[in-house]
Every structure is written in C-alpha cells, then in structure tokens.
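Engineer: For reference, the file protein16.txt (compact mmCIF, C-alpha atoms) is included below:
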```txt
# COMPACT_ATOMS: atom_id res chain seq x y z
CA MET A 183 252.09 141.37 68.85
CA SER A 184 248.63 142.82 69.37
CA VAL A 185 247.85 146.15 67.75
CA LYS A 186 245.40 148.80 68.86
CA LEU A 187 244.04 151.81 67.02
CA ARG A 188 244.15 154.57 69.58
CA LEU A 189 244.85 158.27 70.12
CA ARG A 190 248.27 159.80 70.66
CA ARG A 191 248.07 163.12 72.53
CA MET A 192 249.91 166.06 71.07
CA GLY A 193 249.59 169.80 71.39
CA SER A 194 250.41 172.00 74.32
CA THR A 195 248.99 172.37 77.80
CA ASN A 196 245.22 172.96 77.68
CA ARG A 197 245.31 172.71 73.87
CA PRO A 198 245.07 168.97 73.13
CA PHE A 199 245.36 167.60 69.62
CA TYR A 200 245.30 163.89 68.88
CA ARG A 201 246.64 161.63 66.15
CA VAL A 202 244.95 158.32 65.43
CA VAL A 203 247.68 155.68 65.32
CA ALA A 204 248.16 151.95 65.03
CA ILE A 205 250.38 151.02 67.96
CA ASP A 206 251.58 147.94 69.81
CA THR A 207 249.54 147.56 73.00
CA ARG A 208 252.71 147.28 75.07
CA ASN A 209 253.86 150.78 74.09
CA ARG A 210 252.91 153.77 76.15
CA ARG A 211 250.20 156.20 74.98
CA ASP A 212 252.58 158.60 73.25
CA GLY A 213 255.15 155.96 72.31
CA ARG A 214 256.41 154.98 68.89
CA ALA A 215 253.53 154.15 66.57
CA ILE A 216 253.54 151.66 63.73
CA GLU A 217 251.50 153.94 61.45
CA GLU A 218 249.58 157.23 61.67
CA LEU A 219 246.01 156.91 60.42
CA GLY A 220 244.52 160.37 60.91
CA TRP A 221 243.98 163.13 63.42
CA TYR A 222 241.32 164.55 65.74
CA ASP A 223 241.00 168.07 67.15
CA PRO A 224 238.39 168.20 69.94
CA LEU A 225 238.62 171.97 70.43
CA GLN A 226 237.32 173.00 67.02
CA LYS A 227 233.59 173.46 66.56
CA PRO A 228 232.36 171.49 64.70
CA LEU A 229 234.80 168.72 65.56
CA ALA A 230 237.67 168.40 63.12
CA VAL A 231 238.45 164.78 62.29
CA LYS A 232 240.38 163.26 59.41
CA LEU A 233 240.61 159.48 59.19
CA GLU A 234 242.30 157.57 56.39
CA GLU A 235 239.75 154.90 55.59
CA GLY A 236 241.92 152.52 53.54
CA PRO A 237 244.70 151.98 56.09
CA ILE A 238 242.19 151.77 58.96
CA LEU A 239 240.23 149.04 57.18
CA GLU A 240 243.48 147.21 56.46
CA TRP A 241 244.46 147.29 60.16
CA LEU A 242 240.99 146.08 61.16
CA ARG A 243 241.33 143.23 58.65
CA ARG A 244 244.64 142.28 60.31
CA GLY A 245 242.93 142.13 63.72
CA ALA A 246 243.67 145.51 65.28
CA GLU A 247 241.25 146.59 68.00
CA PRO A 248 240.12 150.24 68.14
CA SER A 249 239.91 152.01 71.50
CA ALA A 250 236.49 153.27 72.61
CA THR A 251 237.14 156.83 71.43
CA VAL A 252 238.56 155.77 68.08
CA ARG A 253 235.62 153.37 67.63
CA GLU A 254 233.22 156.28 68.20
CA LEU A 255 235.08 158.49 65.70
CA MET A 256 234.97 155.65 63.16
CA ARG A 257 231.26 155.16 63.78
CA GLU A 258 230.53 158.85 63.18
CA ARG A 259 232.45 158.76 59.88
CA GLY A 260 230.82 155.52 58.70
CA ILE A 261 234.05 153.50 58.68
CA LEU A 262 232.75 151.04 61.28
CA LEU A 263 229.57 150.42 59.26
CA LYS A 264 231.62 149.87 56.12
CA TRP A 265 233.86 147.41 57.99
CA GLU A 266 230.83 145.43 59.16
CA LEU A 267 229.37 145.34 55.64
CA LEU A 268 232.68 144.20 54.15
CA ARG A 269 232.96 141.43 56.77
CA LYS A 270 229.52 140.17 55.70
CA GLY A 271 230.83 139.74 52.14
CA MET A 272 229.48 142.87 50.47
CA SER A 273 231.49 144.39 47.62
CA PRO A 274 233.46 147.57 48.46
CA GLU A 275 231.44 149.66 45.97
CA GLU A 276 228.10 148.54 47.36
CA ALA A 277 229.32 149.04 50.94
CA THR A 278 230.44 152.59 50.09
CA GLN A 279 227.01 153.37 48.63
CA ARG A 280 225.22 151.99 51.69
CA VAL A 281 227.45 153.97 54.03
CA ALA A 282 226.84 157.19 52.06
CA ALA A 283 223.07 156.60 52.21
CA ALA A 284 223.23 155.89 55.96
CA LEU A 285 225.28 159.03 56.63
CA ASP A 286 222.87 161.15 54.57
CA ALA A 287 219.90 159.78 56.51
CA GLN A 288 221.77 160.45 59.75
CA ALA A 289 222.61 164.08 58.84
CA PRO A 290 221.95 166.46 61.72
CA ARG A 291 218.55 168.08 61.66
CA ALA A 292 218.28 171.84 61.90
CA GLN A 293 217.35 172.78 65.44
CA LYS A 294 214.81 175.43 66.26
CA ALA A 295 216.30 178.62 67.60
CA ARG A 296 215.31 178.85 71.24
CA PRO A 297 215.54 182.23 72.91
CA SER A 298 217.38 182.47 76.20
CA LYS A 299 215.64 183.02 79.53
CA LYS A 300 216.85 186.61 79.50
CA ALA A 301 215.34 187.21 76.05
CA LEU A 302 212.04 185.65 77.13
CA ALA A 303 211.91 187.83 80.24
CA LYS A 304 212.67 190.91 78.18
CA SER A 305 209.89 190.16 75.69
CA ALA A 306 207.48 189.43 78.55
CA ASN A 307 208.32 192.83 80.11
CA ALA A 308 207.86 194.55 76.77
CA ALA A 309 204.47 192.88 76.31
CA THR A 310 203.23 193.90 79.79
CA THR A 311 204.37 197.52 79.47
CA ALA A 312 202.85 197.97 76.02
```
So that I can check it, write out the structure of this file as structure tokens.
Structural biologist:
Amino acid sequence: MSVKLRLRRMGSTNRPFYRVVAIDTRNRRDGRAIEELGWYDPLQKPLAVKLEEGPILEWLRRGAEPSATVRELMRERGILLKWELLRKGMSPEEATQRVAAALDAQAPRAQKARPSKKALAKSANAATTA
C-alpha cells in the first residue's frame, strides 16, 4: 500500500477548504483517509495553514510521498527542511534550531507603499495647478 500526503477538499461551492491527509493512493481525492494531518484555507489573507509536524514527519519516515501542493505548504512551514536535516543524521533539537533560523532569515520584507496610477495622476494634476 502506497501512501500519499495530499489535500482533501471540503467546504461549499466557491468556498474551498482543505484538510491535509495521509491517504492510500488508490482512494479517490475525498475518500476515506488514514489520518488527518492539518488543514489549509486558501481564501484567508494571509493564508491560514495548520500542519501537525510530528505525524507528518512520521509518515515521511514511513515512505509517504507528499503531493506538489502539500510539499509547497511543508516547505513554507519549514517541515521539509527539517525532514531533510533529520535524514542527514542531525539531532531533532539541532534541526529545529536550524529551521527556526532559516524561517527567520526568510521572513517577508516590508514592501514600500506604492501609490496607484490614479493617485499619481491626481498628485501630478495638483502639482501643475498649484
């Protein structure tokens, strides 16, 4: 039996909500899962994601393959980096510290506020009339 970590769609029409599950590859997308490992809400800004790190690492250790989307969610949360460090023989405490440092260094930078074209045109008109 091969296991995948993938998303199960829930929610209503035009309001998707996903659960991250460990599921047999032969089951359909929304079929019976072996275990629920977290959730993902793509409609919230910023994205709302909750992943249970311990069970996910255990499934990866057993040979489960994450889908592309789940792999990306794991990468953003640092779980994929921790998995790679653990596979190389690093202790769990040291791997956790390295992941925390990497996520801090990767923190989003504050973007400059850019005025819209309409605001620029308005300020240009105000400058020419004054």
Engineer: Pick out the closest residue to A:Gly220 from this set: A:Arg208, A:Val252, A:Asn307, A:Glu247. Count all atoms listed in the file.
Structural biologist: A:Val252
Engineer: Please return as a list in words every residue within 10 Å of (230.0, 152.0, 60.4), taking into account all atoms listed in the file and the file's own coordinates.
Structural biologist: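 Neighbouring residues, ordered by chain and number, come to Arg253, Glu254, Leu255, Met256, Arg257, Glu258, Arg259, Gly260, Ile261, Leu262, Leu263, Lys264, Trp265, Glu266, Leu267, Ala277, Arg280, Val281, Ala284 and Leu285 of chain A.
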Engineer: Give, as lines of an AutoDock Vina configuration file, the centre coordinates and the x, y and z edge lengths in Å to one decimal for an axis-aligned box around all listed atoms of stretch 213-219 of chain A, padded by 5 Å on each side.
Structural biologist:
```
center_x = 251.2
center_y = 154.4
center_z = 66.4
size_x = 20.4
size_y = 15.6
size_z = 21.9
```
Engineer: When you draw a straight line from atom CA of A:Met192 to atom CA of A:Arg243, how long is it in Å?
Structural biologist: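 Going from atom CA of A:Met192 over to atom CA of A:Arg243, I get 27.4 Å.
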Engineer: Do you have the atom CA of A:Gln288-atom CA of A:Leu225 distance handy?
Structural biologist: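 Atom-to-atom, atom CA of A:Gln288 and atom CA of A:Leu225 are spaced 23.0 Å apart.
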Engineer: With distances taken over all atoms listed in the file, which of A:Val203, A:Leu187, A:Ala295, A:Leu302 is nearest to A:Leu242?
Structural biologist: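 Using all atoms listed in the file, A:Leu242 sits closest to A:Leu187.
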Engineer: Mind giving me the straight-line distance from atom CA of A:Val202 to atom CA of A:Ala283 in Å, one decimal?
Structural biologist: 25.6 Å
